[in-house]
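Chemist: If it helps, the file is called start-v5.txt and holds compact mmCIF, C-alpha atoms:
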# COMPACT_ATOMS: atom_id res chain seq x y z
CA MET A 73 20.72 55.36 -1.38
CA THR A 74 24.36 56.15 -2.03
CA GLY A 75 26.73 53.62 -0.57
CA ARG A 76 24.34 50.75 -1.01
CA ARG A 77 25.99 47.79 -2.69
CA ARG A 78 24.68 47.00 -6.13
CA VAL A 79 23.05 43.59 -5.80
CA PRO A 80 22.88 41.31 -8.85
CA ARG A 81 19.37 40.69 -10.14
CA ARG A 82 19.36 36.98 -9.37
CA GLU A 83 20.44 37.55 -5.77
CA ARG A 84 17.90 40.34 -5.31
CA GLU A 85 15.14 38.10 -6.61
CA GLN A 86 16.06 35.39 -4.12
CA GLN A 87 15.92 37.94 -1.28
CA ILE A 88 12.47 39.05 -2.38
CA ILE A 89 11.31 35.44 -2.60
CA ASP A 90 12.68 34.68 0.90
CA VAL A 91 10.59 37.50 2.34
CA ALA A 92 7.55 36.73 0.19
CA VAL A 93 7.42 33.08 1.36
CA GLN A 94 7.23 34.30 4.97
CA VAL A 95 4.56 36.88 4.23
CA PHE A 96 2.41 34.55 2.10
CA ALA A 97 2.65 31.83 4.76
CA LYS A 98 1.69 34.23 7.53
CA ARG A 99 -1.05 36.25 5.84
CA GLY A 100 -2.38 33.96 3.10
CA TYR A 101 -2.24 34.89 -0.56
CA HIS A 102 -5.19 37.24 -0.66
CA ALA A 103 -4.32 39.20 2.48
CA ALA A 104 -0.60 39.41 1.69
CA SER A 105 0.45 42.82 0.38
CA VAL A 106 3.27 43.58 -2.01
CA ASP A 107 3.85 46.73 0.06
CA GLU A 108 4.74 44.66 3.09
CA ILE A 109 6.93 42.34 1.07
CA ALA A 110 8.78 45.28 -0.48
CA GLU A 111 9.27 46.94 2.89
CA LEU A 112 10.59 43.79 4.58
CA ALA A 113 12.88 43.10 1.61
CA GLY A 114 14.14 46.68 1.84
CA ILE A 115 13.35 47.62 -1.74
CA SER A 116 10.69 49.70 -3.46
CA LYS A 117 7.39 48.28 -4.59
CA PRO A 118 8.00 49.20 -8.26
CA MET A 119 11.26 47.24 -8.05
CA VAL A 120 9.39 44.17 -6.82
CA TYR A 121 7.07 44.47 -9.82
CA LEU A 122 10.03 45.02 -12.12
CA TYR A 123 11.66 41.81 -10.92
CA LEU A 124 8.63 39.58 -10.51
CA ASP A 125 5.90 41.18 -12.59
CA SER A 126 2.82 40.84 -10.36
CA LYS A 127 1.62 39.47 -7.04
CA GLU A 128 0.71 36.25 -8.80
CA GLY A 129 4.11 36.16 -10.51
CA LEU A 130 5.76 36.62 -7.15
CA PHE A 131 3.70 33.82 -5.62
CA LEU A 132 4.45 31.53 -8.54
CA ALA A 133 8.19 32.25 -8.14
CA CYS A 134 7.92 31.33 -4.43
CA LEU A 135 6.03 28.19 -5.23
CA ARG A 136 8.42 27.04 -7.96
CA ARG A 137 11.50 27.64 -5.84
CA GLU A 138 10.11 25.85 -2.79
CA ALA A 139 8.72 22.97 -4.87
CA ASP A 140 12.10 22.58 -6.58
CA ARG A 141 13.86 22.58 -3.21
CA LEU A 142 11.52 20.00 -1.75
CA VAL A 143 11.70 17.70 -4.78
CA ALA A 144 15.51 18.06 -4.88
CA ALA A 145 15.81 17.19 -1.18
CA PHE A 146 13.57 14.19 -1.67
CA GLN A 147 15.32 12.93 -4.80
CA GLY A 148 18.78 13.60 -3.40
CA ALA A 149 18.03 11.55 -0.30
CA ALA A 150 16.49 8.76 -2.39
CA ALA A 151 19.59 8.65 -4.57
CA THR A 152 22.08 8.50 -1.71
CA GLY A 153 20.10 6.88 1.10
CA GLY A 154 21.45 3.36 0.71
CA ALA A 155 21.51 0.28 -1.45
CA ALA A 156 18.18 -1.30 -0.48
CA PRO A 157 15.03 0.34 -1.86
CA GLU A 158 13.55 0.51 1.63
CA LEU A 159 16.56 2.45 2.90
CA ARG A 160 16.26 4.87 0.01
CA LEU A 161 12.53 5.26 0.68
CA HIS A 162 13.24 5.86 4.35
CA ALA A 163 15.86 8.49 3.53
CA ALA A 164 13.52 10.22 1.07
CA LEU A 165 10.60 10.31 3.52
CA LEU A 166 12.89 11.61 6.23
CA ALA A 167 14.09 14.37 3.89
CA PHE A 168 10.46 15.27 3.24
CA PHE A 169 9.43 15.47 6.90
CA ALA A 170 12.64 17.30 7.82
CA PHE A 171 11.98 19.85 5.06
CA VAL A 172 8.45 20.43 6.32
CA ALA A 173 9.65 20.73 9.92
CA GLU A 174 12.46 23.15 9.02
CA HIS A 175 10.65 25.14 6.34
CA ARG A 176 7.15 25.34 7.72
CA ASP A 177 6.51 28.57 5.78
CA SER A 178 7.44 26.92 2.50
CA TRP A 179 5.17 24.00 3.22
CA VAL A 180 2.24 26.25 4.13
CA VAL A 181 2.67 28.03 0.80
CA LEU A 182 2.95 24.76 -1.14
CA HIS A 183 0.33 22.75 0.68
CA ARG A 184 -2.34 25.12 1.92
CA GLN A 185 -2.33 28.13 -0.32
CA ALA A 186 -1.36 26.97 -3.76
CA SER A 187 -4.64 25.19 -4.37
CA GLU A 188 -6.60 28.41 -3.81
CA LEU A 189 -5.23 30.03 -6.88
CA SER A 190 -4.92 29.95 -10.63
CA GLU A 191 -4.54 27.00 -12.96
CA ALA A 192 -0.89 27.90 -13.65
CA ILE A 193 -0.22 27.58 -9.93
CA ALA A 194 -2.19 24.37 -9.52
CA ALA A 195 -0.26 22.95 -12.49
CA ALA A 196 3.11 23.79 -10.90
CA VAL A 197 2.09 21.98 -7.71
CA ALA A 198 0.69 18.99 -9.62
CA GLU A 199 3.97 18.67 -11.49
CA ALA A 200 6.04 18.56 -8.28
CA ARG A 201 3.66 15.97 -6.88
CA ARG A 202 3.96 13.83 -10.00
CA ALA A 203 7.76 13.88 -9.73
CA VAL A 204 7.58 12.68 -6.13
CA LEU A 205 4.98 10.01 -6.95
CA ALA A 206 7.15 8.65 -9.77
CA GLU A 207 10.18 8.53 -7.48
CA VAL A 208 8.28 6.67 -4.76
CA ALA A 209 6.72 4.26 -7.26
CA GLY A 210 10.22 3.49 -8.57
CA LEU A 211 11.49 2.66 -5.08
CA VAL A 212 8.48 0.50 -4.32
CA LEU A 213 8.89 -1.31 -7.62
CA ALA A 214 12.54 -1.96 -6.79
CA GLY A 215 11.43 -3.38 -3.44
CA ILE A 216 8.91 -5.61 -5.16
CA ALA A 217 11.52 -6.81 -7.65
CA GLU A 218 13.97 -7.67 -4.86
CA SER A 219 11.31 -9.69 -3.08
CA GLY A 220 10.62 -11.81 -6.17
CA SER A 221 6.90 -11.02 -5.82
CA PRO A 222 4.64 -11.10 -8.88
CA LEU A 223 3.31 -7.62 -8.08
CA GLY A 224 3.99 -5.00 -10.75
CA ASP A 225 3.80 -1.37 -11.89
CA GLU A 226 0.15 -0.93 -11.00
CA ASP A 227 0.76 -2.13 -7.44
CA ALA A 228 3.81 0.07 -7.06
CA ASP A 229 1.81 3.05 -8.25
CA PHE A 230 -0.94 2.19 -5.77
CA VAL A 231 1.52 2.06 -2.87
CA ALA A 232 3.13 5.31 -4.02
CA HIS A 233 -0.23 7.12 -4.03
CA ALA A 234 -1.02 5.79 -0.56
CA LEU A 235 2.39 6.75 0.82
CA VAL A 236 2.47 10.24 -0.67
CA GLY A 237 -1.11 10.94 0.48
CA ALA A 238 -0.28 9.63 3.95
CA ALA A 239 2.86 11.78 4.14
CA ASP A 240 0.94 14.90 3.05
CA SER A 241 -1.71 14.32 5.66
CA LEU A 242 0.82 13.52 8.39
CA THR A 243 2.29 17.02 8.08
CA ASP A 244 -0.91 18.16 9.86
CA TRP A 245 -0.32 15.60 12.61
CA MET A 246 3.27 16.80 12.88
CA ALA A 247 2.13 20.41 13.25
CA SER A 248 -0.05 19.43 16.21
CA HIS A 249 2.77 17.34 17.77
CA PRO A 250 5.76 19.69 17.74
CA ASP A 251 7.60 17.42 20.17
CA GLN A 252 7.83 14.67 17.54
CA SER A 253 10.93 14.64 15.37
CA PRO A 254 10.91 14.11 11.60
CA GLU A 255 12.89 10.91 12.30
CA GLY A 256 10.13 9.63 14.57
CA VAL A 257 7.39 10.44 12.07
CA THR A 258 9.32 8.72 9.27
CA LEU A 259 9.89 5.57 11.33
CA ARG A 260 6.23 5.33 12.29
CA LEU A 261 5.18 5.65 8.67
CA MET A 262 7.75 3.10 7.46
CA ASN A 263 6.56 0.75 10.17
CA MET A 264 2.96 1.07 9.13
CA VAL A 265 3.34 0.94 5.41
CA TRP A 266 6.56 -0.85 4.56
CA VAL A 267 6.10 -3.58 7.15
CA GLY A 268 2.57 -4.12 5.85
CA MET A 269 3.84 -4.30 2.31
CA GLY A 270 6.46 -6.83 3.38
CA ARG A 271 3.71 -9.08 4.66
CA VAL A 272 1.71 -8.65 1.51
CA LEU A 273 4.78 -9.52 -0.57
CA GLU A 274 5.13 -12.68 1.48
CA GLY A 275 1.63 -13.62 0.43
CA GLU A 276 -0.34 -12.68 3.51
CA VAL A 277 -3.75 -11.39 2.55
CA TRP A 278 -6.26 -9.64 4.75
CA GLY A 279 -9.93 -10.20 3.99
CA PRO A 280 -13.11 -9.16 5.77
CA GLU A 281 -14.20 -12.83 5.93
CA ARG A 282 -11.24 -13.81 8.06
CA LYS A 283 -12.60 -12.59 11.35
CA MET B 247 -46.10 28.03 -17.22
CA THR B 248 -49.66 27.00 -16.45
CA GLY B 249 -50.05 23.36 -15.60
CA ARG B 250 -46.62 23.10 -14.02
CA ARG B 251 -46.79 21.42 -10.63
CA ARG B 252 -45.94 23.65 -7.73
CA VAL B 253 -42.75 22.20 -6.28
CA PRO B 254 -41.98 22.70 -2.58
CA ARG B 255 -38.99 24.91 -1.85
CA ARG B 256 -36.92 22.17 -0.26
CA GLU B 257 -37.41 19.82 -3.21
CA ARG B 258 -36.66 22.60 -5.70
CA GLU B 259 -33.44 23.41 -3.86
CA GLN B 260 -32.33 19.80 -4.06
CA GLN B 261 -32.98 19.77 -7.81
CA ILE B 262 -30.91 22.91 -8.26
CA ILE B 263 -28.11 21.41 -6.17
CA ASP B 264 -28.19 18.18 -8.21
CA VAL B 265 -27.62 20.13 -11.39
CA ALA B 266 -25.11 22.51 -9.84
CA VAL B 267 -22.88 19.66 -8.62
CA GLN B 268 -22.67 18.37 -12.19
CA VAL B 269 -21.92 21.78 -13.65
CA PHE B 270 -19.34 22.74 -11.01
CA ALA B 271 -17.61 19.36 -11.45
CA LYS B 272 -17.53 19.70 -15.23
CA ARG B 273 -16.61 23.39 -15.60
CA GLY B 274 -14.86 24.28 -12.36
CA TYR B 275 -16.17 26.94 -10.00
CA HIS B 276 -14.96 29.98 -11.87
CA ALA B 277 -16.09 28.89 -15.33
CA ALA B 278 -19.45 27.53 -14.14
CA SER B 279 -22.33 29.88 -14.92
CA VAL B 280 -25.54 30.29 -12.96
CA ASP B 281 -27.26 30.71 -16.35
CA GLU B 282 -26.34 27.17 -17.33
CA ILE B 283 -27.36 25.78 -13.96
CA ALA B 284 -30.74 27.55 -14.12
CA GLU B 285 -31.33 26.33 -17.66
CA LEU B 286 -30.48 22.69 -16.87
CA ALA B 287 -32.58 22.84 -13.70
CA GLY B 288 -35.46 24.24 -15.77
CA ILE B 289 -35.97 27.35 -13.66
CA SER B 290 -35.18 31.02 -14.05
CA LYS B 291 -31.90 32.55 -12.94
CA PRO B 292 -33.60 34.97 -10.48
CA MET B 293 -35.27 31.93 -8.89
CA VAL B 294 -31.87 30.28 -8.40
CA TYR B 295 -30.67 33.45 -6.65
CA LEU B 296 -33.86 33.60 -4.62
CA TYR B 297 -33.32 30.06 -3.36
CA LEU B 298 -29.56 30.03 -2.93
CA ASP B 299 -28.51 33.67 -2.74
CA SER B 300 -25.34 33.75 -4.87
CA LYS B 301 -23.00 31.57 -6.89
CA GLU B 302 -20.90 31.09 -3.78
CA GLY B 303 -24.02 30.28 -1.75
CA LEU B 304 -24.97 27.72 -4.35
CA PHE B 305 -21.51 26.16 -4.29
CA LEU B 306 -21.51 26.09 -0.50
CA ALA B 307 -24.91 24.35 -0.53
CA CYS B 308 -23.50 21.73 -2.95
CA LEU B 309 -20.44 21.25 -0.83
CA ARG B 310 -22.35 20.93 2.43
CA ARG B 311 -24.81 18.44 1.02
CA GLU B 312 -22.15 16.25 -0.59
CA ALA B 313 -19.89 16.42 2.47
CA ASP B 314 -22.82 15.42 4.69
CA ARG B 315 -23.64 12.51 2.38
CA LEU B 316 -20.07 11.29 2.33
CA VAL B 317 -19.60 11.57 6.07
CA ALA B 318 -22.98 9.86 6.67
CA ALA B 319 -22.08 6.98 4.33
CA PHE B 320 -18.73 6.59 6.06
CA GLN B 321 -20.14 6.75 9.59
CA GLY B 322 -23.09 4.52 8.75
CA ALA B 323 -20.80 1.82 7.39
CA ALA B 324 -18.46 2.15 10.37
CA ALA B 325 -21.41 1.73 12.75
CA THR B 326 -22.86 -1.33 11.06
CA GLY B 327 -19.83 -2.96 9.43
CA GLY B 328 -19.20 -5.62 12.06
CA ALA B 329 -18.04 -6.27 15.57
CA ALA B 330 -14.27 -6.09 15.13
CA PRO B 331 -12.76 -2.62 14.63
CA GLU B 332 -10.96 -3.81 11.52
CA LEU B 333 -14.24 -4.92 9.95
CA ARG B 334 -15.78 -1.56 10.72
CA LEU B 335 -12.77 0.22 9.28
CA HIS B 336 -12.98 -1.94 6.18
CA ALA B 337 -16.68 -1.19 5.77
CA ALA B 338 -16.10 2.54 6.24
CA LEU B 339 -13.24 2.67 3.72
CA LEU B 340 -15.32 0.69 1.25
CA ALA B 341 -18.20 3.14 1.70
CA PHE B 342 -15.77 5.97 0.98
CA PHE B 343 -14.33 4.46 -2.21
CA ALA B 344 -17.79 3.39 -3.40
CA PHE B 345 -19.08 6.94 -2.85
CA VAL B 346 -16.20 8.39 -4.86
CA ALA B 347 -16.70 5.82 -7.64
CA GLU B 348 -20.46 6.40 -7.83
CA HIS B 349 -20.50 10.14 -7.21
CA ARG B 350 -17.42 11.26 -9.08
CA ASP B 351 -18.93 14.74 -9.59
CA SER B 352 -19.49 15.17 -5.87
CA TRP B 353 -15.93 14.13 -5.16
CA VAL B 354 -14.49 16.51 -7.75
CA VAL B 355 -16.41 19.35 -6.09
CA LEU B 356 -15.32 18.33 -2.59
CA HIS B 357 -11.75 17.38 -3.32
CA ARG B 358 -10.52 19.51 -6.20
CA GLN B 359 -12.53 22.67 -6.22
CA ALA B 360 -13.41 23.48 -2.67
CA SER B 361 -9.87 24.46 -1.74
CA GLU B 362 -9.83 27.14 -4.46
CA LEU B 363 -12.40 29.24 -2.74
CA SER B 364 -13.30 31.26 0.30
CA GLU B 365 -12.52 30.62 3.94
CA ALA B 366 -16.15 29.67 4.63
CA ILE B 367 -15.83 26.93 2.04
CA ALA B 368 -12.43 25.74 3.23
CA ALA B 369 -13.86 25.61 6.76
CA ALA B 370 -16.79 23.43 5.66
CA VAL B 371 -14.39 20.96 4.04
CA ALA B 372 -12.04 20.97 7.01
CA GLU B 373 -14.96 20.18 9.31
CA ALA B 374 -16.00 17.14 7.24
CA ARG B 375 -12.40 15.94 7.22
CA ARG B 376 -12.13 16.30 10.99
CA ALA B 377 -15.28 14.20 11.46
CA VAL B 378 -13.80 11.42 9.32
CA LEU B 379 -10.41 11.62 11.03
CA ALA B 380 -12.05 11.31 14.46
CA GLU B 381 -14.08 8.31 13.29
CA VAL B 382 -11.00 6.54 11.91
CA ALA B 383 -8.92 7.35 14.99
CA GLY B 384 -11.68 5.83 17.14
CA LEU B 385 -11.64 2.59 15.14
CA VAL B 386 -7.86 2.38 15.23
CA LEU B 387 -7.89 3.00 18.97
CA ALA B 388 -10.43 0.20 19.39
CA GLY B 389 -8.13 -2.07 17.37
CA ILE B 390 -5.19 -1.11 19.57
CA ALA B 391 -7.21 -1.74 22.73
CA GLU B 392 -8.25 -5.21 21.51
CA SER B 393 -4.66 -6.12 20.79
CA GLY B 394 -3.57 -5.23 24.32
CA SER B 395 -0.81 -3.03 22.89
CA PRO B 396 0.53 -0.08 24.91
CA LEU B 397 -0.05 2.30 22.00
CA GLY B 398 -2.48 5.12 22.67
CA ASP B 399 -4.43 8.12 21.39
CA GLU B 400 -1.47 9.77 19.75
CA ASP B 401 -0.67 6.63 17.78
CA ALA B 402 -4.29 6.15 16.75
CA ASP B 403 -4.39 9.74 15.55
CA PHE B 404 -1.19 9.18 13.59
CA VAL B 405 -2.61 6.10 11.85
CA ALA B 406 -5.86 7.95 11.15
CA HIS B 407 -4.02 10.82 9.45
CA ALA B 408 -1.99 8.36 7.37
CA LEU B 409 -5.07 6.37 6.36
CA VAL B 410 -7.23 9.36 5.49
CA GLY B 411 -4.40 10.96 3.49
CA ALA B 412 -3.74 7.68 1.69
CA ALA B 413 -7.44 7.25 0.88
CA ASP B 414 -7.68 10.82 -0.46
CA SER B 415 -4.69 10.31 -2.68
CA LEU B 416 -5.86 6.89 -3.88
CA THR B 417 -8.96 8.45 -5.40
CA ASP B 418 -6.57 9.77 -8.08
CA TRP B 419 -5.19 6.25 -8.62
CA MET B 420 -8.76 4.96 -8.86
CA ALA B 421 -9.63 7.59 -11.48
CA SER B 422 -6.75 6.35 -13.66
CA HIS B 423 -7.70 2.69 -13.10
CA PRO B 424 -11.42 2.60 -13.89
CA ASP B 425 -11.29 -1.21 -14.12
CA GLN B 426 -10.56 -1.47 -10.38
CA SER B 427 -13.54 -1.81 -8.06
CA PRO B 428 -13.95 0.10 -4.80
CA GLU B 429 -13.80 -3.33 -3.10
CA GLY B 430 -10.40 -4.02 -4.66
CA VAL B 431 -9.02 -0.62 -3.69
CA THR B 432 -10.25 -1.03 -0.11
CA LEU B 433 -8.70 -4.48 0.23
CA ARG B 434 -5.35 -3.29 -1.08
CA LEU B 435 -5.33 -0.41 1.39
CA MET B 436 -6.38 -2.62 4.31
CA ASN B 437 -3.65 -5.05 3.35
CA MET B 438 -1.02 -2.37 3.30
CA VAL B 439 -1.96 -0.44 6.37
CA TRP B 440 -3.88 -2.71 8.69
CA VAL B 441 -1.59 -5.69 8.18
CA GLY B 442 1.38 -3.41 8.84
CA MET B 443 -0.26 -2.09 11.97
CA GLY B 444 -0.89 -5.64 13.14
CA ARG B 445 2.80 -6.37 12.91
CA VAL B 446 3.65 -3.20 14.76
CA LEU B 447 1.16 -4.09 17.50
CA GLU B 448 2.89 -7.45 17.80
CA GLY B 449 6.09 -5.58 18.52
CA GLU B 450 7.83 -5.79 15.18
CA VAL B 451 9.82 -2.66 14.51
CA TRP B 452 11.40 -1.55 11.30
CA GLY B 453 14.61 0.43 11.50
CA PRO B 454 17.02 1.70 8.89
CA GLU B 455 19.87 -0.09 10.65
CA ARG B 456 18.35 -3.50 10.08
CA LYS B 457 19.47 -3.98 6.51
Written as structure tokens, that's how I'd like the structure from this file.
Modeler:
Amino acid sequence: MTGRRRVPRREREQQIIDVAVQVFAKRGYHAASVDEIAELAGISKPMVYLYLDSKEGLFLACLRREADRLVAAFQGAAATGGAAPELRLHAALLAFFAFVAEHRDSWVVLHRQASELSEAIAAAVAEARRAVLAEVAGLVLAGIAESGSPLGDEDADFVAHALVGAADSLTDWMASHPDQSPEGVTLRLMNMVWVGMGRVLEGEVWGPERK
Amino acid sequence: MTGRRRVPRREREQQIIDVAVQVFAKRGYHAASVDEIAELAGISKPMVYLYLDSKEGLFLACLRREADRLVAAFQGAAATGGAAPELRLHAALLAFFAFVAEHRDSWVVLHRQASELSEAIAAAVAEARRAVLAEVAGLVLAGIAESGSPLGDEDADFVAHALVGAADSLTDWMASHPDQSPEGVTLRLMNMVWVGMGRVLEGEVWGPERK
């Protein structure tokens, strides 16, 4: 091992996490082996344990990093996407779908595998989801305020839950339609939900008695 | 135990499942004990194992029964909810939210706990979800056909994914707003999504450049 550059701990950890995200996404948590992760990362298995404690610790580190990245992408786009709330919502949704399209492994780890595991892991995912829900509810509330509608916090929170659930579920649709761009998916969703909300804000109400 | 009525196997199994759904919902899969389930069901632990094989077998039986009930309620309402696709969709969504409101334990087992477990269990849940997605996509496609729009299968499948994801996520909103009726939740969702889809079918398109 002479001649090998001494890599700072933080950098080494990130390398291990990069590899681990791929392996967890490909094999699933239970089938993934720390041996394989160590080999692909080019370091010894004891070193992996030294850095990240256990297989669960390693998974949790993957999950936290990818959740932070996804939330940061979403919030960054919402902050800089434009003046109107609907433009910021559009930018944030686009950032979400683009992240999922570009980091499919990260999304598989966050979306499919995290819920299989411990309470600590479920809590980390729930926290990321709450951050996104709060962000979306804020944008929707801003849209409501601009429209002068009497709708309020409860309505904004309702729309945020619907939008975030729809976006989650649409990642499955996206996976089975690889020809569709994140831009296209975002526009379809905005069309469905934001246009509908616009009508509702204008006072249009759908009711089962109307037909 | 003299004097106790001999209960047919099928009926006994249903009693055990009734109790098990409550215990799994309250404790979570891992913390739930077969001892407690046997005690509350008023039968011996070996009898529980005789009927339902293992803790996982018992959970799978709970999951299958509740998934079948939910899918049947949804499909039944869709079949009888009216002539127009939007009325059938409304009836089906209402059946879903009413099921979740009335059978909160069943929903906790289906929605929160199933994903923690084995592949057999995840597969049972995925199958129920696919049945619901296909049903919704069919209704949306019927709505599209009635409108004379050029949208097709792919679009209907997109809307179905968005709607089913939104409905899943809104069960959390419903849990934190116990004063809201399933009828109210269904109307809000129909207003948001179906009204928006109506506009889209009429050719209205939202784009980020428009503001």
Chemist: For atom CA of Phe270 of chain B and atom CA of Leu356 of chain B, quote the distance in Å rounded to one decimal.
Modeler: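 Distance between the two atoms: 10.3 Å.
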Chemist: Need the shell around segment 238-252 of chain A: protein/DNA/RNA residues with any atom at most 9 Å away, counting only C-alpha atoms. Skip same-chain ones fewer than 5 positions apart. Format as a list in words?
Modeler: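 Here the answer would be Leu165, Phe168, Phe169, Val172, Ala173, Arg176, Trp179, His183, His233, Val257, Thr258 and Leu261 of chain A; Glu400, Asp403, Phe404, Val405, His407, Ala408, Leu409, Val410, Gly411, Ala412, Ala413, Asp414 and Ser415 of chain B.
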Chemist: Can you tell me, as a list in words, what residues are no more than 8 Å from Ala170 of chain A when counting only C-alpha atoms, ignoring any on the same chain fewer than 3 positions away?
Modeler: Leu166, Ala167, Ala173, Glu174, Pro254 and Glu255 of chain A
Chemist: For the residues selected in the previous step, produce a file with C-alpha atoms as a PDB file, in the frame of the given file.
Modeler:
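And here's selection_4.pdb as it stands now:
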ATOM      1  CA  LEU A 166      12.890  11.610   6.230  1.00  0.00           C
ATOM      2  CA  ALA A 167      14.090  14.370   3.890  1.00  0.00           C
ATOM      3  CA  ALA A 173       9.650  20.730   9.920  1.00  0.00           C
ATOM      4  CA  GLU A 174      12.460  23.150   9.020  1.00  0.00           C
ATOM      5  CA  PRO A 254      10.910  14.110  11.600  1.00  0.00           C
ATOM      6  CA  GLU A 255      12.890  10.910  12.300  1.00  0.00           C
TER       7      GLU A 255
END
Chemist: Would you mind listing what lies within 12 Å of Ala155 of chain A as a PyMOL selection string, with only C-alpha atoms counted and same-chain residues fewer than 3 positions away left out?
Modeler: (chain A and resi 149-152+158-163+211+214-215+218) or (chain B and resi 454+457)
Chemist: Using only C-alpha atoms, can you tell me which of A:Ser221, A:Ala198, A:Leu112, A:Gln87 comes closest to chain B?
Modeler: A:Ala198
Chemist: Go ahead and compute the interatomic distance for atom CA of Ala133 of chain A and atom CA of Leu205 of chain A, in Å to one decimal.
Modeler: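 These two atoms are separated by 22.5 Å.
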Chemist: For each of A:Ile109, A:Ile88, A:Ala164, A:Val180, take the minimum atom-to-atom distance to Ala145 of chain A, counting all atoms listed in the file, then give the residue where this is smallest.
Modeler: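 Selected residue with least distance to Ala145 of chain A: A:Ala164.
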Chemist: My list of candidates is A:Ala156, A:Ile89, A:Ala113, A:Leu213. Which is closest to chain B when distances are computed with all atoms listed in the file?
Modeler: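 Result for the nearest residue to chain B: A:Ala156.
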Chemist: Taking all atoms listed in the file into account, name the residue in A:Gly154, A:Ser219, A:Ser253, A:Gln147 that is nearest to chain B.
Modeler: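 Looking only at the distances to chain B, the closest residue turns out to be A:Gly154.
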Chemist: Which residues are close to Ser178 of chain A, i.e. within 9 Å by only C-alpha atoms, leaving aside same-chain residues fewer than 6 positions away? Reply as a PyMOL selection string.
Modeler: chain A and resi 93-94+97+134-135+138-139+171-172
Chemist: Store the residues picked out above in a file with C-alpha atoms, as a compact mmCIF listing (two decimals), in the frame of the given file.
Modeler:
# COMPACT_ATOMS: atom_id res chain seq x y z
CA VAL A 93 7.42 33.08 1.36
CA GLN A 94 7.23 34.30 4.97
CA ALA A 97 2.65 31.83 4.76
CA CYS A 134 7.92 31.33 -4.43
CA LEU A 135 6.03 28.19 -5.23
CA GLU A 138 10.11 25.85 -2.79
CA ALA A 139 8.72 22.97 -4.87
CA PHE A 171 11.98 19.85 5.06
CA VAL A 172 8.45 20.43 6.32
Chemist: What's the separation between atom CA of Leu130 of chain A and atom CA of Val143 of chain A, in Å to one decimal place?
Modeler: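 Spanning atom CA of Leu130 of chain A to atom CA of Val143 of chain A is a straight-line distance of 20.0 Å.
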Chemist: Give, as JSON, the centre coordinates and the x, y and z edge lengths in Å to one decimal for an axis-aligned box around all listed atoms of segment 280-285 of chain B, padded by 3 Å on each side.
Modeler:
{"center_x": -28.4, "center_y": 28.2, "center_z": -15.3, "size_x": 11.8, "size_y": 10.9, "size_z": 10.7}
